[in-house]
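Structure data (JSON, C-alpha atoms) from run.json:
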[["chain", "number", "residue", "atom", "x", "y", "z"],
["A", 536, "MET", "CA", 114.64, 111.36, 108.73],
["A", 537, "ILE", "CA", 111.98, 113.91, 107.90],
["A", 538, "GLU", "CA", 111.22, 116.26, 110.77],
["A", 539, "PRO", "CA", 107.71, 117.71, 111.08],
["A", 540, "THR", "CA", 107.35, 121.45, 110.73],
["A", 541, "LEU", "CA", 104.67, 124.09, 111.25],
["A", 542, "THR", "CA", 104.93, 125.38, 107.67],
["A", 543, "LEU", "CA", 101.54, 124.12, 106.55],
["A", 544, "GLU", "CA", 99.87, 125.17, 109.79],
["A", 545, "ARG", "CA", 101.18, 128.73, 109.43],
["A", 546, "ARG", "CA", 99.84, 128.92, 105.90],
["A", 547, "LEU", "CA", 96.42, 127.55, 106.84],
["A", 548, "LEU", "CA", 96.17, 129.82, 109.88],
["A", 549, "LYS", "CA", 96.07, 132.79, 107.52],
["A", 550, "GLU", "CA", 92.57, 131.61, 106.60],
["A", 551, "HIS", "CA", 91.42, 129.85, 109.78],
["A", 552, "ALA", "CA", 91.49, 130.85, 113.45],
["A", 553, "LEU", "CA", 92.71, 127.45, 114.65],
["A", 554, "ILE", "CA", 94.10, 124.16, 113.43],
["A", 555, "ILE", "CA", 92.89, 120.93, 115.01],
["A", 556, "ALA", "CA", 95.06, 118.02, 113.91],
["A", 557, "CYS", "CA", 93.76, 114.46, 114.36],
["A", 558, "ASP", "CA", 95.51, 111.11, 114.04],
["A", 559, "GLU", "CA", 94.42, 107.61, 115.00],
["A", 560, "VAL", "CA", 96.18, 104.83, 116.87],
["A", 561, "GLY", "CA", 95.20, 101.17, 117.08],
["A", 562, "ARG", "CA", 93.40, 100.82, 113.76],
["A", 563, "GLY", "CA", 95.12, 97.54, 112.92],
["A", 564, "ALA", "CA", 95.27, 96.00, 116.40],
["A", 565, "LEU", "CA", 93.56, 92.70, 117.19],
["A", 566, "ALA", "CA", 92.60, 93.80, 120.70],
["A", 567, "GLY", "CA", 91.81, 96.97, 122.57],
["A", 568, "PRO", "CA", 90.19, 100.23, 121.56],
["A", 569, "VAL", "CA", 91.02, 102.61, 118.76],
["A", 570, "ALA", "CA", 92.11, 106.07, 119.84],
["A", 571, "VAL", "CA", 92.13, 109.38, 118.00],
["A", 572, "GLY", "CA", 94.34, 112.16, 119.25],
["A", 573, "ALA", "CA", 93.47, 115.79, 118.62],
["A", 574, "ALA", "CA", 95.87, 118.70, 119.01],
["A", 575, "VAL", "CA", 95.05, 122.40, 118.69],
["A", 576, "ILE", "CA", 97.45, 124.95, 117.23],
["A", 577, "ASP", "CA", 96.69, 128.68, 117.29],
["A", 578, "PRO", "CA", 98.67, 131.42, 115.52],
["A", 579, "ALA", "CA", 100.89, 132.11, 118.55],
["A", 580, "ARG", "CA", 101.96, 128.49, 118.86],
["A", 581, "SER", "CA", 102.54, 128.17, 115.15],
["A", 582, "ARG", "CA", 105.43, 130.59, 115.57],
["A", 583, "LYS", "CA", 107.11, 128.60, 118.34],
["A", 584, "ARG", "CA", 109.86, 126.04, 117.95],
["A", 585, "VAL", "CA", 108.71, 122.47, 117.38],
["A", 586, "PRO", "CA", 109.43, 120.42, 120.54],
["A", 587, "ALA", "CA", 112.64, 118.41, 120.46],
["A", 588, "GLY", "CA", 112.18, 114.85, 119.29],
["A", 589, "LEU", "CA", 108.61, 115.31, 118.04],
["A", 590, "ARG", "CA", 107.85, 112.86, 115.23],
["A", 591, "ASP", "CA", 105.04, 110.65, 114.08],
["A", 592, "SER", "CA", 104.68, 108.24, 117.02],
["A", 593, "LYS", "CA", 105.84, 105.28, 114.89],
["A", 594, "LEU", "CA", 109.21, 107.02, 114.48],
["A", 595, "VAL", "CA", 109.75, 107.78, 118.19],
["A", 596, "PRO", "CA", 111.44, 105.00, 120.21],
["A", 597, "GLU", "CA", 108.98, 103.54, 122.71],
["A", 598, "ALA", "CA", 111.11, 104.47, 125.73],
["A", 599, "ARG", "CA", 111.10, 108.12, 124.66],
["A", 600, "ARG", "CA", 107.45, 108.46, 123.73],
["A", 601, "PRO", "CA", 106.15, 109.56, 127.17],
["A", 602, "GLU", "CA", 108.57, 112.47, 127.42],
["A", 603, "VAL", "CA", 107.96, 113.50, 123.81],
["A", 604, "ALA", "CA", 104.18, 113.28, 124.37],
["A", 605, "ALA", "CA", 104.49, 115.44, 127.47],
["A", 606, "ARG", "CA", 106.42, 118.08, 125.52],
["A", 607, "ALA", "CA", 103.87, 117.90, 122.72],
["A", 608, "ALA", "CA", 100.95, 118.35, 125.14],
["A", 609, "ALA", "CA", 102.67, 121.37, 126.71],
["A", 610, "PHE", "CA", 103.36, 122.85, 123.27],
["A", 611, "VAL", "CA", 99.85, 122.75, 121.80],
["A", 612, "GLN", "CA", 96.98, 124.94, 122.98],
["A", 613, "HIS", "CA", 94.85, 121.95, 123.94],
["A", 614, "SER", "CA", 94.91, 118.21, 123.30],
["A", 615, "ALA", "CA", 92.48, 115.34, 123.77],
["A", 616, "VAL", "CA", 92.17, 111.64, 123.06],
["A", 617, "GLY", "CA", 88.88, 110.06, 122.02],
["A", 618, "TRP", "CA", 88.18, 106.34, 122.22],
["A", 619, "ALA", "CA", 86.02, 103.67, 120.63],
["A", 620, "SER", "CA", 86.00, 100.27, 122.30],
["A", 621, "SER", "CA", 86.61, 96.89, 120.71],
["A", 622, "VAL", "CA", 82.89, 96.20, 121.20],
["A", 623, "GLU", "CA", 82.07, 99.33, 119.20],
["A", 624, "VAL", "CA", 84.54, 98.29, 116.50],
["A", 625, "ASP", "CA", 82.67, 94.97, 116.28],
["A", 626, "GLU", "CA", 79.27, 96.66, 116.21],
["A", 627, "ILE", "CA", 79.86, 99.44, 113.69],
["A", 628, "GLY", "CA", 83.13, 98.63, 111.89],
["A", 629, "ILE", "CA", 86.56, 100.18, 112.15],
["A", 630, "ILE", "CA", 85.99, 103.28, 110.00],
["A", 631, "ARG", "CA", 82.83, 104.34, 111.83],
["A", 632, "ALA", "CA", 84.58, 103.57, 115.13],
["A", 633, "LEU", "CA", 87.42, 105.89, 114.17],
["A", 634, "GLY", "CA", 84.86, 108.58, 113.40],
["A", 635, "LEU", "CA", 83.21, 108.02, 116.78],
["A", 636, "ALA", "CA", 86.56, 108.29, 118.57],
["A", 637, "ALA", "CA", 87.35, 111.51, 116.69],
["A", 638, "VAL", "CA", 83.95, 113.00, 117.57],
["A", 639, "ARG", "CA", 84.64, 112.19, 121.23],
["A", 640, "ALA", "CA", 88.08, 113.83, 121.08],
["A", 641, "ILE", "CA", 86.58, 116.95, 119.52],
["A", 642, "ALA", "CA", 83.84, 116.98, 122.19],
["A", 643, "ASP", "CA", 86.58, 116.93, 124.84],
["A", 644, "LEU", "CA", 88.22, 119.95, 123.19],
["A", 645, "ARG", "CA", 84.85, 121.70, 123.06],
["A", 646, "ALA", "CA", 84.38, 121.08, 126.80],
["A", 647, "HIS", "CA", 87.70, 122.88, 127.38],
["A", 648, "GLY", "CA", 86.64, 125.99, 125.50],
["A", 649, "VAL", "CA", 87.81, 125.20, 121.98],
["A", 650, "VAL", "CA", 85.33, 126.14, 119.23],
["A", 651, "PRO", "CA", 85.88, 123.47, 116.55],
["A", 652, "GLU", "CA", 83.69, 125.36, 114.06],
["A", 653, "ASP", "CA", 86.36, 128.09, 114.01],
["A", 654, "ALA", "CA", 89.05, 125.59, 113.05],
["A", 655, "LEU", "CA", 90.30, 123.68, 110.07],
["A", 656, "VAL", "CA", 90.59, 120.03, 111.06],
["A", 657, "ILE", "CA", 93.65, 118.32, 109.59],
["A", 658, "LEU", "CA", 93.11, 114.57, 109.48],
["A", 659, "ASP", "CA", 96.03, 112.28, 108.78],
["A", 660, "GLY", "CA", 95.25, 110.03, 105.82],
["A", 661, "ASN", "CA", 93.20, 110.28, 102.65],
["A", 662, "HIS", "CA", 89.67, 109.73, 103.99],
["A", 663, "ASP", "CA", 87.39, 111.97, 106.05],
["A", 664, "TYR", "CA", 85.81, 109.64, 108.61],
["A", 665, "ILE", "CA", 84.86, 112.53, 110.94],
["A", 666, "THR", "CA", 82.08, 114.20, 108.94],
["A", 667, "PRO", "CA", 80.03, 111.00, 108.45],
["A", 668, "ALA", "CA", 80.27, 110.37, 112.21],
["A", 669, "GLY", "CA", 78.14, 113.44, 112.92],
["A", 670, "GLU", "CA", 80.51, 116.42, 112.91],
["A", 671, "SER", "CA", 78.94, 117.90, 109.80],
["A", 672, "GLY", "CA", 79.62, 121.52, 110.83],
["A", 673, "LEU", "CA", 83.40, 121.18, 110.65],
["A", 674, "ARG", "CA", 85.84, 121.81, 107.84],
["A", 675, "VAL", "CA", 87.91, 118.60, 107.57],
["A", 676, "GLN", "CA", 90.93, 118.28, 105.32],
["A", 677, "PRO", "CA", 92.54, 114.83, 105.02],
["A", 678, "ILE", "CA", 96.27, 115.09, 104.38],
["A", 679, "VAL", "CA", 98.38, 112.05, 103.50],
["A", 680, "LYS", "CA", 101.43, 111.74, 105.79],
["A", 681, "ALA", "CA", 100.28, 114.65, 107.95],
["A", 682, "ASP", "CA", 101.67, 112.85, 111.01],
["A", 683, "ARG", "CA", 105.08, 112.81, 109.33],
["A", 684, "ASP", "CA", 105.10, 116.34, 107.93],
["A", 685, "CYS", "CA", 102.93, 118.49, 110.24],
["A", 686, "ALA", "CA", 103.98, 119.12, 113.82],
["A", 687, "SER", "CA", 100.36, 119.42, 114.96],
["A", 688, "ALA", "CA", 99.49, 115.95, 113.60],
["A", 689, "ALA", "CA", 102.71, 114.47, 114.99],
["A", 690, "ALA", "CA", 101.71, 115.86, 118.39],
["A", 691, "ALA", "CA", 98.25, 114.28, 118.11],
["A", 692, "SER", "CA", 99.86, 111.00, 117.05],
["A", 693, "VAL", "CA", 102.32, 110.66, 119.92],
["A", 694, "ILE", "CA", 99.81, 111.87, 122.55],
["A", 695, "ALA", "CA", 97.29, 109.24, 121.40],
["A", 696, "LYS", "CA", 99.94, 106.53, 121.13],
["A", 697, "VAL", "CA", 101.15, 107.00, 124.69],
["A", 698, "ALA", "CA", 97.57, 107.09, 126.01],
["A", 699, "ARG", "CA", 96.66, 103.85, 124.21],
["A", 700, "ASP", "CA", 99.90, 102.09, 125.15],
["A", 701, "THR", "CA", 99.26, 102.98, 128.80],
["A", 702, "LEU", "CA", 95.74, 101.60, 128.58],
["A", 703, "MET", "CA", 96.91, 98.35, 126.96],
["A", 704, "THR", "CA", 99.60, 97.91, 129.60],
["A", 705, "GLY", "CA", 96.89, 98.25, 132.24],
["A", 706, "LEU", "CA", 94.78, 95.62, 130.49],
["A", 707, "HIS", "CA", 97.85, 93.35, 130.44],
["A", 708, "ASP", "CA", 97.81, 93.33, 134.24],
["A", 709, "ASP", "CA", 94.32, 91.80, 134.12],
["A", 710, "LEU", "CA", 95.04, 89.33, 131.28],
["A", 711, "PRO", "CA", 98.83, 88.80, 131.15],
["A", 712, "ALA", "CA", 98.65, 85.74, 128.89],
["A", 713, "TYR", "CA", 98.29, 87.90, 125.76],
["A", 714, "GLY", "CA", 101.44, 89.94, 126.32],
["A", 715, "TRP", "CA", 99.75, 93.29, 125.75],
["A", 716, "ALA", "CA", 102.41, 95.17, 127.74],
["A", 717, "ARG", "CA", 104.76, 94.34, 124.87],
["A", 718, "ASN", "CA", 102.57, 93.98, 121.78],
["A", 719, "LYS", "CA", 99.87, 96.55, 122.74],
["A", 720, "GLY", "CA", 97.19, 94.37, 121.17],
["A", 721, "TYR", "CA", 98.82, 94.12, 117.74],
["A", 722, "ALA", "CA", 99.38, 90.87, 115.84],
["A", 723, "SER", "CA", 102.72, 89.76, 117.21],
["A", 724, "LEU", "CA", 103.62, 86.08, 117.11],
["A", 725, "ASP", "CA", 103.27, 85.70, 120.89],
["A", 726, "HIS", "CA", 99.86, 87.38, 120.77],
["A", 727, "ARG", "CA", 98.67, 85.05, 118.00],
["A", 728, "ASP", "CA", 99.99, 82.03, 119.95],
["A", 729, "ALA", "CA", 98.16, 83.20, 123.08],
["A", 730, "ILE", "CA", 94.89, 83.54, 121.15],
["A", 731, "ALA", "CA", 95.36, 80.01, 119.80],
["A", 732, "ALA", "CA", 95.99, 78.70, 123.33],
["A", 733, "HIS", "CA", 93.44, 80.69, 125.33],
["A", 734, "GLY", "CA", 90.89, 81.94, 122.82],
["A", 735, "MET", "CA", 89.80, 85.55, 122.50],
["A", 736, "SER", "CA", 89.19, 87.82, 125.48],
["A", 737, "VAL", "CA", 86.45, 90.41, 125.91],
["A", 738, "HIS", "CA", 88.93, 93.00, 124.62],
["A", 739, "HIS", "CA", 89.55, 91.27, 121.28],
["A", 740, "ARG", "CA", 87.78, 92.37, 118.11],
["A", 741, "HIS", "CA", 85.58, 89.34, 117.64],
["A", 742, "SER", "CA", 84.26, 90.44, 114.24],
["A", 743, "TRP", "CA", 87.76, 90.34, 112.74],
["A", 744, "ALA", "CA", 89.21, 87.32, 110.97],
["A", 745, "ILE", "CA", 91.94, 87.18, 113.56],
["A", 746, "ALA", "CA", 93.17, 83.72, 112.59],
["A", 747, "ALA", "CA", 94.00, 85.09, 109.13],
["A", 748, "ALA", "CA", 95.52, 88.36, 110.36],
["A", 749, "PRO", "CA", 99.18, 88.77, 109.37],
["A", 750, "THR", "CA", 101.81, 88.85, 112.09],
["A", 751, "LEU", "CA", 103.18, 92.40, 112.29],
["A", 752, "PHE", "CA", 106.31, 91.77, 114.36]]

Could you take the file, read its structure, and then write that structure out as structure tokens?
Amino acid sequence: MIEPTLTLERRLLKEHALIIACDEVGRGALAGPVAVGAAVIDPARSRKRVPAGLRDSKLVPEARRPEVAARAAAFVQHSAVGWASSVEVDEIGIIRALGLAAVRAIADLRAHGVVPEDALVILDGNHDYITPAGESGLRVQPIVKADRDCASAAAASVIAKVARDTLMTGLHDDLPAYGWARNKGYASLDHRDAIAAHGMSVHHRHSWAIAAAPTLF
């Protein structure tokens, strides 16, 4: 298994004062918000040891994610999670919603004293959805598999994943029929069966062709 490192961050920090790594969670879910995690690495932290067990959130067993996320949050200079609701996904589409969530995460960092204009923003993936969302003053660099290879992006990934999973488990308590404590809003067979039996809730993405969505697990 590939372990994330700080090699790229150290190289980029020779040219930039900070690294802000962003990664999204919930893009493909049928219900619930999308979340974008943001994690800040400065030169001092780039020389520290990567926290034990830190991986892209998809590679961390669910039972271990909270402890890994806590270590990741303690390791980075600052972290934040921005959200866009299922209603916003319906209104503006998933890509613009991801941009909105990222802008909100960056605004949270700004409120805690981070100056995003001093940073290079690493965005997991191959598309910059942050700049079109209104953060035109930032330097954004999409990097494919950043959440796998870069410790900063892996930290953003697992922090956002735990935050979203916690939110979906809370929503499960209100609407237990959909099994969100287990499927977290994704297209599991039990979730699809519940939609067929009960219809869509206020937390589902009504603009999506949910009946045609593939079952993920």

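CA of Ser614 in chain A to CA of Ala646 in chain A spans 11.5 Å [interatomic distance, one decimal].
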
Fewer than 3 positions away in the same chain doesn't count, so skip those; otherwise give me all residues within 8 Å of range 597-605 of chain A, counting only C-alpha atoms, as number ranges by chain.
A: 586-589, 592, 608-609, 690, 693-694, 697

Residues at most 8 Å from Met703 in chain A, counting only C-alpha atoms, excluding those fewer than 4 positions away in the same chain, as a PyMOL selection string?
chain A and resi 567+699+707+715-716+719-720

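Between CA of His613 in chain A and CA of Ser692 in chain A there is a distance of 13.9 Å.
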
Check the smallest atom-to-atom distance from each of A:Asp708, A:Glu550, A:Glu544, A:Asp643 to Lys583 in chain A using all atoms listed in the file, then report the winner.
A:Glu544

Kindly indicate which residue among A:Leu553, A:Ala640, A:Val569, A:Ile745 lies nearest to Asp700 in chain A, using all atoms listed in the file for the distances.
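Once distances to Asp700 in chain A are computed over all atoms listed in the file, the minimum belongs to A:Val569.
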
Could you pull out every residue with an atom within 9 Å of (94.1, 129.6, 111.8), file coordinates, counting only C-alpha atoms, and send them as a PDB file with C-alpha atoms, in the frame of the given file?
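Writing the result to out.pdb gives the following:
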ATOM      1  CA  GLU A 544      99.870 125.170 109.790  1.00  0.00           C
ATOM      2  CA  ARG A 545     101.180 128.730 109.430  1.00  0.00           C
ATOM      3  CA  ARG A 546      99.840 128.920 105.900  1.00  0.00           C
ATOM      4  CA  LEU A 547      96.420 127.550 106.840  1.00  0.00           C
ATOM      5  CA  LEU A 548      96.170 129.820 109.880  1.00  0.00           C
ATOM      6  CA  LYS A 549      96.070 132.790 107.520  1.00  0.00           C
ATOM      7  CA  GLU A 550      92.570 131.610 106.600  1.00  0.00           C
ATOM      8  CA  HIS A 551      91.420 129.850 109.780  1.00  0.00           C
ATOM      9  CA  ALA A 552      91.490 130.850 113.450  1.00  0.00           C
ATOM     10  CA  LEU A 553      92.710 127.450 114.650  1.00  0.00           C
ATOM     11  CA  ILE A 554      94.100 124.160 113.430  1.00  0.00           C
ATOM     12  CA  ILE A 576      97.450 124.950 117.230  1.00  0.00           C
ATOM     13  CA  ASP A 577      96.690 128.680 117.290  1.00  0.00           C
ATOM     14  CA  PRO A 578      98.670 131.420 115.520  1.00  0.00           C
ATOM     15  CA  ASP A 653      86.360 128.090 114.010  1.00  0.00           C
ATOM     16  CA  ALA A 654      89.050 125.590 113.050  1.00  0.00           C
ATOM     17  CA  LEU A 655      90.300 123.680 110.070  1.00  0.00           C
TER      18      LEU A 655
END

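Of the residues listed (A:Ala570, A:Ile629, A:Val649, A:Leu541), A:Ala570 shows the shortest atom-to-atom separation from Thr701 in chain A; distances use all atoms listed in the file.
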
Just how far from CA of Asp728 in chain A is CA of Glu559 in chain A, in Å to one decimal?
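Rounded to one decimal, the two atoms are 26.6 Å apart.
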
Counting only C-alpha atoms, the option among A:Ile627, A:Ala615, A:Ala607, A:Ala636 closest to Arg584 in chain A:
A:Ala607

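When only C-alpha atoms are used to measure the gap to Ala695 in chain A, the shortest distance among A:Ala564, A:Ala637, A:Val624, A:Met735 belongs to A:Ala637.
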
Looking at all atoms listed in the file, which of A:Asp558, A:Glu652, A:Asp625, A:Glu538 is the one that sits closest to Gly672 in chain A?
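Using all atoms listed in the file, Gly672 in chain A sits closest to A:Glu652.
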
Local residues around (100.4, 112.4, 112.5), at most 6 Å away, using only C-alpha atoms, as a tab-separated table (two decimals) with C-alpha atoms, in the frame of the given file:
chain	number	residue	atom	x	y	z
A	558	ASP	CA	95.51	111.11	114.04
A	591	ASP	CA	105.04	110.65	114.08
A	659	ASP	CA	96.03	112.28	108.78
A	681	ALA	CA	100.28	114.65	107.95
A	682	ASP	CA	101.67	112.85	111.01
A	683	ARG	CA	105.08	112.81	109.33
A	688	ALA	CA	99.49	115.95	113.60
A	689	ALA	CA	102.71	114.47	114.99
A	692	SER	CA	99.86	111.00	117.05

Just want the 10 Å neighbourhood of Ala632 in chain A, counted on only C-alpha atoms, with same-chain residues fewer than 5 positions away dropped. Output as a ChimeraX atom specification.
/A:562,568-571,618-627,637-638,664-665,668

If you keep C-alpha atoms, can you produce a file of those selected residues as a tab-separated table (two decimals), in the coordinates of the input?
chain	number	residue	atom	x	y	z
A	562	ARG	CA	93.40	100.82	113.76
A	568	PRO	CA	90.19	100.23	121.56
A	569	VAL	CA	91.02	102.61	118.76
A	570	ALA	CA	92.11	106.07	119.84
A	571	VAL	CA	92.13	109.38	118.00
A	618	TRP	CA	88.18	106.34	122.22
A	619	ALA	CA	86.02	103.67	120.63
A	620	SER	CA	86.00	100.27	122.30
A	621	SER	CA	86.61	96.89	120.71
A	622	VAL	CA	82.89	96.20	121.20
A	623	GLU	CA	82.07	99.33	119.20
A	624	VAL	CA	84.54	98.29	116.50
A	625	ASP	CA	82.67	94.97	116.28
A	626	GLU	CA	79.27	96.66	116.21
A	627	ILE	CA	79.86	99.44	113.69
A	637	ALA	CA	87.35	111.51	116.69
A	638	VAL	CA	83.95	113.00	117.57
A	664	TYR	CA	85.81	109.64	108.61
A	665	ILE	CA	84.86	112.53	110.94
A	668	ALA	CA	80.27	110.37	112.21
